[in-house]
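Heads up: the structure comes next, in structure tokens.
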Amino acid sequence: MTEQRRISFSPPDITQAEIDEVTEALRSGWITTGPKTKEFERELAAFTGAARVAAFNSATAALECALRALGVGPGDEVITSAYTYTASCSVICHVGATPVLCDTAPDSYEMDYDALASLVTERTKAVIPVDIAGRMVDYDRLFAALESVRNLWQPASDLQRAFDRVVVLADAAHSLGATAGGRASGSVADFTAFSFHAVKNLTTAEGGALAWRAGAFDSEALYREFMLMSLHGQTKDALSKTQAGAWEYDIAYPGWKCNMTDLQAALGLAQLRRYPALLARRRELVERYEAGLADLAVDVLQHYGNDTAGIDTTRSPEATSSASTELNSEDGTHEPIFASSGHLMLVRLPGKSSTFRNALIERLAGDGVSANVHYKPLPLLTAYRDLGFDIADFPNALAQFENEVTLPLHTLLADDDVSYVTAVFIRAYAALEAEGIH
Ligand SMILES: *Cc1c(COP(=O)(O)O)cnc(C)c1O
């Protein structure tokens, strides 16, 4: 074994380009919401194919404002996965609605879509699926599940009436840049919330954005509503108020305060320019991990499903990308084509207990490697136990969690860092087995 390294879990990848862009914003005399934020919103819409994007100071704020714009509140139910970070669910509580948790399908990080359909009631207003690790969930199946219970849909606000089924609000904190069947995260769900928190693929230190598809509603009016909502309900933002003589403003209602600043947007713009290269590098790293762990009895989340076997490669890329699935001419099955954003390296240890998993993480730490677990199911957390959720009702999420370990995956990793992590992993795994730990 080579000498010990220190491999952090997910440090930000900041270059001179980011420093220059933020410095320019600092020197410009305008540091809060302004031209850089507007530019970042436009660039994100272009990158994701969304009709419109509104920036916020976090994904949590984006999710929460989406629920507020939809008019979701007390007496309403919103469904999310039991297998996620707290923010997917806490926002439901924040607006006063009732969270309903859905178990994952067996051996999956995604909700069980049959179970999901059975959880929908006449009070259900929205579902928040989670693109864990950067891989978009199966939106076709999710939409089909919601179609199957469309008779229960009872829209109760103007924006809800623009939809003819339960609204899909994606927690895409991990999936900026992911695609499935040629459609990018941001242009598939009705609403999509991205996070630019420091550990995410693209960072603004803290930050988030809400993207949405065009629909039977006024997109620009909705955008203005988000601007009001995120800035005190104030009818003019700070930039317009500084125009000479334009002091007058009104407060439409007591709003919130969760706008993005131009300093954050400047950082985001520089990151977004580098993002295609960062995504490509993540893919190389994932493939390196897959090769390195191939001989071990572990399950690695599949990040890239672009097996073109049986696909007519003479078709143009445009034609290929317009279909959500491709017919595999050899066996008549549909081969999904997808690419995740390569956010998290999720590894499961089939047949192993949480004791084994925890010991493995400790051994990795001893070798300088920071590993993590994504996620501890919500019913195991005090907040959600106190709301009455019982982990016994979520056996698949529990089983998924117990033997999961997340390895470092970020763009500061060198190729031989991945070789180091896999070597350390394989050694620790073998040692624990030899010690009789299961
Ligand atoms: C990071 C994260 C969030 C919250 O993002 P913030 O920008 O910190 O609000 C929500 N959901 C998931 C799955 C996350 O990983």
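Order determines the names: the first chain of the structure tokens is A, the second B, and so forth; residues in each chain are numbered 1 upward, and ligands are numbered 1 upward as they are shown.
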List every residue of chain A that has an atom at most 10 Å from any atom of ligand 1, giving for each one its closest atom pair and the distance in Å to one decimal, counting only C-alpha atoms and all ligand atoms, sorted by chain and then by ascending residue number, as JSON lines.
{"residue": "A:Phe56", "atom": "CA", "partner": "ligand 1", "partner_atom_place_in_ligand_line": "7 (O)", "distance": 8.8}
{"residue": "A:Asn57", "atom": "CA", "partner": "ligand 1", "partner_atom_place_in_ligand_line": "7 (O)", "distance": 7.2}
{"residue": "A:Ser58", "atom": "CA", "partner": "ligand 1", "partner_atom_place_in_ligand_line": "7 (O)", "distance": 3.7}
{"residue": "A:Ala59", "atom": "CA", "partner": "ligand 1", "partner_atom_place_in_ligand_line": "7 (O)", "distance": 3.8}
{"residue": "A:Thr60", "atom": "CA", "partner": "ligand 1", "partner_atom_place_in_ligand_line": "9 (O)", "distance": 3.7}
{"residue": "A:Ala61", "atom": "CA", "partner": "ligand 1", "partner_atom_place_in_ligand_line": "9 (O)", "distance": 6.4}
{"residue": "A:Ala62", "atom": "CA", "partner": "ligand 1", "partner_atom_place_in_ligand_line": "9 (O)", "distance": 7.9}
{"residue": "A:Leu63", "atom": "CA", "partner": "ligand 1", "partner_atom_place_in_ligand_line": "9 (O)", "distance": 8.5}
{"residue": "A:Glu64", "atom": "CA", "partner": "ligand 1", "partner_atom_place_in_ligand_line": "9 (O)", "distance": 9.8}
{"residue": "A:Tyr83", "atom": "CA", "partner": "ligand 1", "partner_atom_place_in_ligand_line": "13 (C)", "distance": 9.1}
{"residue": "A:Thr84", "atom": "CA", "partner": "ligand 1", "partner_atom_place_in_ligand_line": "13 (C)", "distance": 5.6}
{"residue": "A:Tyr85", "atom": "CA", "partner": "ligand 1", "partner_atom_place_in_ligand_line": "13 (C)", "distance": 4.9}
{"residue": "A:Thr86", "atom": "CA", "partner": "ligand 1", "partner_atom_place_in_ligand_line": "11 (N)", "distance": 7.0}
{"residue": "A:Ala87", "atom": "CA", "partner": "ligand 1", "partner_atom_place_in_ligand_line": "10 (C)", "distance": 4.8}
{"residue": "A:Ser88", "atom": "CA", "partner": "ligand 1", "partner_atom_place_in_ligand_line": "11 (N)", "distance": 5.4}
{"residue": "A:Cys89", "atom": "CA", "partner": "ligand 1", "partner_atom_place_in_ligand_line": "11 (N)", "distance": 8.8}
{"residue": "A:Ser90", "atom": "CA", "partner": "ligand 1", "partner_atom_place_in_ligand_line": "10 (C)", "distance": 9.7}
{"residue": "A:Val91", "atom": "CA", "partner": "ligand 1", "partner_atom_place_in_ligand_line": "10 (C)", "distance": 9.7}
{"residue": "A:Pro129", "atom": "CA", "partner": "ligand 1", "partner_atom_place_in_ligand_line": "13 (C)", "distance": 9.5}
{"residue": "A:Val130", "atom": "CA", "partner": "ligand 1", "partner_atom_place_in_ligand_line": "13 (C)", "distance": 6.2}
{"residue": "A:Asp131", "atom": "CA", "partner": "ligand 1", "partner_atom_place_in_ligand_line": "13 (C)", "distance": 7.3}
{"residue": "A:Ile132", "atom": "CA", "partner": "ligand 1", "partner_atom_place_in_ligand_line": "13 (C)", "distance": 6.4}
{"residue": "A:Ala133", "atom": "CA", "partner": "ligand 1", "partner_atom_place_in_ligand_line": "13 (C)", "distance": 8.3}
{"residue": "A:Gly134", "atom": "CA", "partner": "ligand 1", "partner_atom_place_in_ligand_line": "13 (C)", "distance": 9.3}
{"residue": "A:Ala170", "atom": "CA", "partner": "ligand 1", "partner_atom_place_in_ligand_line": "11 (N)", "distance": 9.5}
{"residue": "A:Asp171", "atom": "CA", "partner": "ligand 1", "partner_atom_place_in_ligand_line": "11 (N)", "distance": 5.8}
{"residue": "A:Ala172", "atom": "CA", "partner": "ligand 1", "partner_atom_place_in_ligand_line": "13 (C)", "distance": 7.0}
{"residue": "A:Ala173", "atom": "CA", "partner": "ligand 1", "partner_atom_place_in_ligand_line": "14 (C)", "distance": 4.9}
{"residue": "A:His174", "atom": "CA", "partner": "ligand 1", "partner_atom_place_in_ligand_line": "15 (O)", "distance": 6.1}
{"residue": "A:Ser175", "atom": "CA", "partner": "ligand 1", "partner_atom_place_in_ligand_line": "13 (C)", "distance": 9.4}
{"residue": "A:Ala193", "atom": "CA", "partner": "ligand 1", "partner_atom_place_in_ligand_line": "10 (C)", "distance": 8.4}
{"residue": "A:Phe194", "atom": "CA", "partner": "ligand 1", "partner_atom_place_in_ligand_line": "7 (O)", "distance": 7.1}
{"residue": "A:Ser195", "atom": "CA", "partner": "ligand 1", "partner_atom_place_in_ligand_line": "7 (O)", "distance": 4.0}
{"residue": "A:Phe196", "atom": "CA", "partner": "ligand 1", "partner_atom_place_in_ligand_line": "7 (O)", "distance": 5.6}
{"residue": "A:His197", "atom": "CA", "partner": "ligand 1", "partner_atom_place_in_ligand_line": "7 (O)", "distance": 4.8}
{"residue": "A:Ala198", "atom": "CA", "partner": "ligand 1", "partner_atom_place_in_ligand_line": "8 (O)", "distance": 8.3}
{"residue": "A:Val199", "atom": "CA", "partner": "ligand 1", "partner_atom_place_in_ligand_line": "1 (C)", "distance": 7.7}
{"residue": "A:Lys200", "atom": "CA", "partner": "ligand 1", "partner_atom_place_in_ligand_line": "1 (C)", "distance": 6.9}
{"residue": "A:Thr203", "atom": "CA", "partner": "ligand 1", "partner_atom_place_in_ligand_line": "7 (O)", "distance": 9.3}
{"residue": "A:Thr204", "atom": "CA", "partner": "ligand 1", "partner_atom_place_in_ligand_line": "7 (O)", "distance": 9.5}
{"residue": "A:Ala205", "atom": "CA", "partner": "ligand 1", "partner_atom_place_in_ligand_line": "7 (O)", "distance": 9.2}
{"residue": "A:Glu206", "atom": "CA", "partner": "ligand 1", "partner_atom_place_in_ligand_line": "7 (O)", "distance": 6.2}
{"residue": "A:Gly207", "atom": "CA", "partner": "ligand 1", "partner_atom_place_in_ligand_line": "7 (O)", "distance": 5.4}
{"residue": "A:Gly208", "atom": "CA", "partner": "ligand 1", "partner_atom_place_in_ligand_line": "7 (O)", "distance": 5.2}
{"residue": "A:Ala209", "atom": "CA", "partner": "ligand 1", "partner_atom_place_in_ligand_line": "7 (O)", "distance": 8.6}
{"residue": "A:His343", "atom": "CA", "partner": "ligand 1", "partner_atom_place_in_ligand_line": "15 (O)", "distance": 9.7}
{"residue": "A:Leu344", "atom": "CA", "partner": "ligand 1", "partner_atom_place_in_ligand_line": "15 (O)", "distance": 9.8}
{"residue": "A:His374", "atom": "CA", "partner": "ligand 1", "partner_atom_place_in_ligand_line": "15 (O)", "distance": 8.8}
{"residue": "A:Tyr375", "atom": "CA", "partner": "ligand 1", "partner_atom_place_in_ligand_line": "13 (C)", "distance": 8.9}
Take the residues from that selection and put them in a file with N, CA and C atoms, as a short mmCIF file (atom, residue, chain, number, x, y, z; two decimals), in the first residue's frame.
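Result saved to selection-v9.cif:
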data_model
loop_
_atom_site.label_atom_id
_atom_site.label_comp_id
_atom_site.auth_asym_id
_atom_site.auth_seq_id
_atom_site.Cartn_x
_atom_site.Cartn_y
_atom_site.Cartn_z
N PHE A 56 -32.83 31.58 -5.73
CA PHE A 56 -33.11 31.76 -4.29
C PHE A 56 -31.80 31.58 -3.53
N ASN A 57 -31.90 31.70 -2.21
CA ASN A 57 -30.66 31.51 -1.44
C ASN A 57 -30.42 30.05 -1.03
N SER A 58 -31.34 29.16 -1.40
CA SER A 58 -31.14 27.73 -1.16
C SER A 58 -32.18 26.93 -1.94
N ALA A 59 -31.94 25.64 -2.06
CA ALA A 59 -32.94 24.75 -2.66
C ALA A 59 -34.14 24.64 -1.74
N THR A 60 -33.88 24.70 -0.45
CA THR A 60 -34.97 24.62 0.52
C THR A 60 -35.94 25.77 0.29
N ALA A 61 -35.41 26.98 0.12
CA ALA A 61 -36.27 28.15 -0.14
C ALA A 61 -37.01 27.97 -1.47
N ALA A 62 -36.33 27.42 -2.47
CA ALA A 62 -36.97 27.22 -3.78
C ALA A 62 -38.15 26.26 -3.66
N LEU A 63 -37.94 25.16 -2.94
CA LEU A 63 -39.02 24.18 -2.74
C LEU A 63 -40.19 24.81 -1.98
N GLU A 64 -39.83 25.53 -0.93
CA GLU A 64 -40.86 26.12 -0.07
C GLU A 64 -41.67 27.17 -0.83
N TYR A 83 -36.64 8.25 1.90
CA TYR A 83 -35.19 8.12 1.72
C TYR A 83 -34.63 9.40 1.11
N THR A 84 -34.46 10.40 1.95
CA THR A 84 -33.97 11.67 1.43
C THR A 84 -33.40 12.50 2.56
N TYR A 85 -32.93 13.67 2.20
CA TYR A 85 -32.49 14.64 3.19
C TYR A 85 -33.72 15.34 3.76
N THR A 86 -33.60 15.84 4.96
CA THR A 86 -34.74 16.45 5.65
C THR A 86 -35.42 17.56 4.86
N ALA A 87 -34.66 18.31 4.05
CA ALA A 87 -35.23 19.48 3.37
C ALA A 87 -36.38 19.13 2.44
N SER A 88 -36.35 17.91 1.84
CA SER A 88 -37.45 17.51 0.95
C SER A 88 -38.76 17.49 1.71
N CYS A 89 -38.69 17.24 3.01
CA CYS A 89 -39.88 17.06 3.83
C CYS A 89 -40.16 18.26 4.74
N SER A 90 -39.10 18.89 5.23
CA SER A 90 -39.31 20.00 6.17
C SER A 90 -40.10 21.13 5.52
N VAL A 91 -39.91 21.32 4.21
CA VAL A 91 -40.64 22.40 3.52
C VAL A 91 -42.14 22.17 3.54
N PRO A 129 -40.39 14.11 -5.60
CA PRO A 129 -39.43 13.01 -5.81
C PRO A 129 -38.00 13.56 -5.65
N VAL A 130 -37.06 12.68 -5.41
CA VAL A 130 -35.68 13.12 -5.13
C VAL A 130 -34.72 12.43 -6.09
N ASP A 131 -34.00 13.23 -6.87
CA ASP A 131 -33.02 12.69 -7.83
C ASP A 131 -31.72 12.35 -7.10
N ILE A 132 -31.78 11.30 -6.32
CA ILE A 132 -30.63 10.97 -5.45
C ILE A 132 -29.37 10.65 -6.27
N ALA A 133 -28.27 11.22 -5.80
CA ALA A 133 -26.94 10.99 -6.37
C ALA A 133 -26.77 11.66 -7.74
N GLY A 134 -27.82 12.37 -8.18
CA GLY A 134 -27.73 13.04 -9.47
C GLY A 134 -28.40 12.29 -10.59
N ALA A 170 -39.77 18.49 -8.21
CA ALA A 170 -38.59 17.66 -8.02
C ALA A 170 -37.59 18.28 -7.06
N ASP A 171 -37.11 17.49 -6.11
CA ASP A 171 -35.94 17.87 -5.33
C ASP A 171 -34.74 17.43 -6.17
N ALA A 172 -34.22 18.38 -6.95
CA ALA A 172 -33.11 18.09 -7.85
C ALA A 172 -31.83 18.72 -7.30
N ALA A 173 -31.72 18.72 -5.97
CA ALA A 173 -30.53 19.29 -5.33
C ALA A 173 -29.26 18.66 -5.88
N HIS A 174 -29.36 17.39 -6.36
CA HIS A 174 -28.17 16.68 -6.84
C HIS A 174 -28.06 16.64 -8.36
N SER A 175 -29.15 16.96 -9.08
CA SER A 175 -29.20 16.48 -10.48
C SER A 175 -29.04 17.55 -11.55
N ALA A 193 -36.28 21.96 -8.20
CA ALA A 193 -35.45 22.78 -7.32
C ALA A 193 -34.01 22.28 -7.32
N PHE A 194 -33.07 23.17 -7.61
CA PHE A 194 -31.64 22.85 -7.60
C PHE A 194 -30.98 23.47 -6.37
N SER A 195 -29.93 22.81 -5.90
CA SER A 195 -29.15 23.37 -4.79
C SER A 195 -27.74 23.70 -5.26
N PHE A 196 -27.25 24.84 -4.78
CA PHE A 196 -25.86 25.24 -5.05
C PHE A 196 -25.09 25.38 -3.75
N HIS A 197 -25.52 24.57 -2.77
CA HIS A 197 -24.80 24.50 -1.49
C HIS A 197 -23.34 24.09 -1.74
N ALA A 198 -22.48 24.43 -0.79
CA ALA A 198 -21.04 24.21 -0.96
C ALA A 198 -20.64 22.79 -1.35
N VAL A 199 -21.41 21.77 -0.93
CA VAL A 199 -21.00 20.39 -1.27
C VAL A 199 -21.61 19.90 -2.57
N LYS A 200 -22.43 20.70 -3.21
CA LYS A 200 -23.11 20.22 -4.42
C LYS A 200 -22.21 20.36 -5.66
N THR A 203 -21.58 25.08 -7.19
CA THR A 203 -21.84 25.81 -5.94
C THR A 203 -21.83 27.32 -6.11
N THR A 204 -22.68 27.96 -5.30
CA THR A 204 -22.62 29.41 -5.10
C THR A 204 -22.38 29.67 -3.61
N ALA A 205 -21.74 28.76 -2.94
CA ALA A 205 -21.51 28.73 -1.48
C ALA A 205 -22.80 28.29 -0.79
N GLU A 206 -23.82 29.11 -0.86
CA GLU A 206 -25.19 28.73 -0.54
C GLU A 206 -26.01 29.25 -1.71
N GLY A 207 -27.05 28.56 -2.06
CA GLY A 207 -27.89 29.05 -3.15
C GLY A 207 -28.78 27.97 -3.68
N GLY A 208 -29.77 28.38 -4.44
CA GLY A 208 -30.68 27.43 -5.05
C GLY A 208 -31.45 28.10 -6.16
N ALA A 209 -32.20 27.31 -6.90
CA ALA A 209 -33.00 27.87 -7.98
C ALA A 209 -34.20 26.97 -8.21
N HIS A 343 -23.20 12.96 -9.01
CA HIS A 343 -23.02 13.72 -7.76
C HIS A 343 -22.47 12.87 -6.62
N LEU A 344 -23.03 11.69 -6.42
CA LEU A 344 -22.62 10.87 -5.27
C LEU A 344 -22.28 9.45 -5.71
N HIS A 374 -25.77 8.12 2.59
CA HIS A 374 -26.91 8.86 2.00
C HIS A 374 -28.03 7.87 1.74
N TYR A 375 -29.11 7.93 2.45
CA TYR A 375 -29.45 8.79 3.57
C TYR A 375 -29.94 7.95 4.72
#
Surrounding residues of A:Lys352 excluding itself and chain neighbours under 2 positions, 10 Å, only C-alpha atoms, as a list in words:
Val298, Arg348, Leu349, Pro350, Ser354, Thr355, Phe356, Arg357, Glu402, Asn403, Glu404, Glu433, Ile437 and His438 of chain A
Output N, CA and C atoms for every residue in that selection, as a PDB file, in the first residue's frame.
ATOM      1  N   VAL A 298     -20.129  -5.805  -4.453  1.00  0.00           N
ATOM      2  CA  VAL A 298     -20.863  -4.609  -4.032  1.00  0.00           C
ATOM      3  C   VAL A 298     -21.743  -4.131  -5.201  1.00  0.00           C
ATOM      4  N   ARG A 348     -23.572  -0.070  -2.319  1.00  0.00           N
ATOM      5  CA  ARG A 348     -24.237  -0.920  -1.321  1.00  0.00           C
ATOM      6  C   ARG A 348     -23.473  -2.210  -1.143  1.00  0.00           C
ATOM      7  N   LEU A 349     -23.541  -2.730   0.080  1.00  0.00           N
ATOM      8  CA  LEU A 349     -22.796  -3.926   0.445  1.00  0.00           C
ATOM      9  C   LEU A 349     -23.802  -5.039   0.707  1.00  0.00           C
ATOM     10  N   PRO A 350     -24.234  -5.741  -0.340  1.00  0.00           N
ATOM     11  CA  PRO A 350     -25.290  -6.750  -0.169  1.00  0.00           C
ATOM     12  C   PRO A 350     -24.879  -7.805   0.855  1.00  0.00           C
ATOM     13  N   SER A 354     -25.365  -3.100   9.161  1.00  0.00           N
ATOM     14  CA  SER A 354     -24.918  -1.731   9.421  1.00  0.00           C
ATOM     15  C   SER A 354     -23.635  -1.750  10.264  1.00  0.00           C
ATOM     16  N   THR A 355     -23.439  -2.808  11.055  1.00  0.00           N
ATOM     17  CA  THR A 355     -22.191  -2.936  11.835  1.00  0.00           C
ATOM     18  C   THR A 355     -20.996  -2.997  10.891  1.00  0.00           C
ATOM     19  N   PHE A 356     -21.128  -3.822   9.854  1.00  0.00           N
ATOM     20  CA  PHE A 356     -20.057  -3.962   8.859  1.00  0.00           C
ATOM     21  C   PHE A 356     -19.829  -2.617   8.163  1.00  0.00           C
ATOM     22  N   ARG A 357     -20.932  -2.000   7.725  1.00  0.00           N
ATOM     23  CA  ARG A 357     -20.840  -0.722   7.003  1.00  0.00           C
ATOM     24  C   ARG A 357     -20.157   0.343   7.867  1.00  0.00           C
ATOM     25  N   GLU A 402     -29.102   0.562   5.491  1.00  0.00           N
ATOM     26  CA  GLU A 402     -28.235  -0.139   6.437  1.00  0.00           C
ATOM     27  C   GLU A 402     -26.883  -0.556   5.875  1.00  0.00           C
ATOM     28  N   ASN A 403     -26.844  -0.859   4.588  1.00  0.00           N
ATOM     29  CA  ASN A 403     -25.554  -1.287   4.036  1.00  0.00           C
ATOM     30  C   ASN A 403     -25.067  -0.362   2.920  1.00  0.00           C
ATOM     31  N   GLU A 404     -25.432   0.914   3.040  1.00  0.00           N
ATOM     32  CA  GLU A 404     -24.998   1.891   2.034  1.00  0.00           C
ATOM     33  C   GLU A 404     -23.789   2.653   2.550  1.00  0.00           C
ATOM     34  N   GLU A 433     -14.144  -8.953   6.658  1.00  0.00           N
ATOM     35  CA  GLU A 433     -14.645 -10.306   6.399  1.00  0.00           C
ATOM     36  C   GLU A 433     -13.779 -11.330   7.125  1.00  0.00           C
ATOM     37  N   ILE A 437     -16.746 -10.279  10.702  1.00  0.00           N
ATOM     38  CA  ILE A 437     -17.826  -9.291  10.839  1.00  0.00           C
ATOM     39  C   ILE A 437     -18.750  -9.391   9.614  1.00  0.00           C
ATOM     40  N   HIS A 438     -20.042  -9.400   9.894  1.00  0.00           N
ATOM     41  CA  HIS A 438     -20.985  -9.474   8.772  1.00  0.00           C
ATOM     42  C   HIS A 438     -21.835  -8.225   8.704  1.00  0.00           C
TER      43      HIS A 438
END
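Using only C-alpha atoms, the protein and nucleic acid residues lying no more than 12 Å from A:Ser28, apart from those fewer than 6 places from it along its own chain, are A:Glu21, A:Val22, A:Gly34, A:Pro35, A:Lys36, A:Asp262, A:Leu263, A:Ala266.
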With C-alpha atoms kept, could you save the residues just selected as an mmCIF file, in the first residue's frame?
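Saved the output as out-v7.cif:
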data_model
loop_
_atom_site.group_PDB
_atom_site.id
_atom_site.type_symbol
_atom_site.label_atom_id
_atom_site.label_comp_id
_atom_site.auth_asym_id
_atom_site.auth_seq_id
_atom_site.Cartn_x
_atom_site.Cartn_y
_atom_site.Cartn_z
ATOM 1 C CA GLU A 21 -16.010 36.688 -11.588
ATOM 2 C CA VAL A 22 -16.767 37.301 -7.899
ATOM 3 C CA GLY A 34 -29.119 42.390 -9.598
ATOM 4 C CA PRO A 35 -27.708 41.854 -13.090
ATOM 5 C CA LYS A 36 -25.573 38.813 -12.241
ATOM 6 C CA ASP A 262 -25.041 38.895 -7.156
ATOM 7 C CA LEU A 263 -21.922 37.639 -5.389
ATOM 8 C CA ALA A 266 -21.194 35.546 -10.032
#
The residue from A:Val100, A:Ile79, A:Ala144, A:Leu70 with the smallest atom-to-atom distance to A:Ala156, counting only C-alpha atoms, is A:Leu70
Atom CA of A:Thr411 to atom CA of A:Glu284, straight-line distance in Å:
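Pair atom CA of A:Glu284 / atom CA of A:Thr411 returns 10.0 Å.
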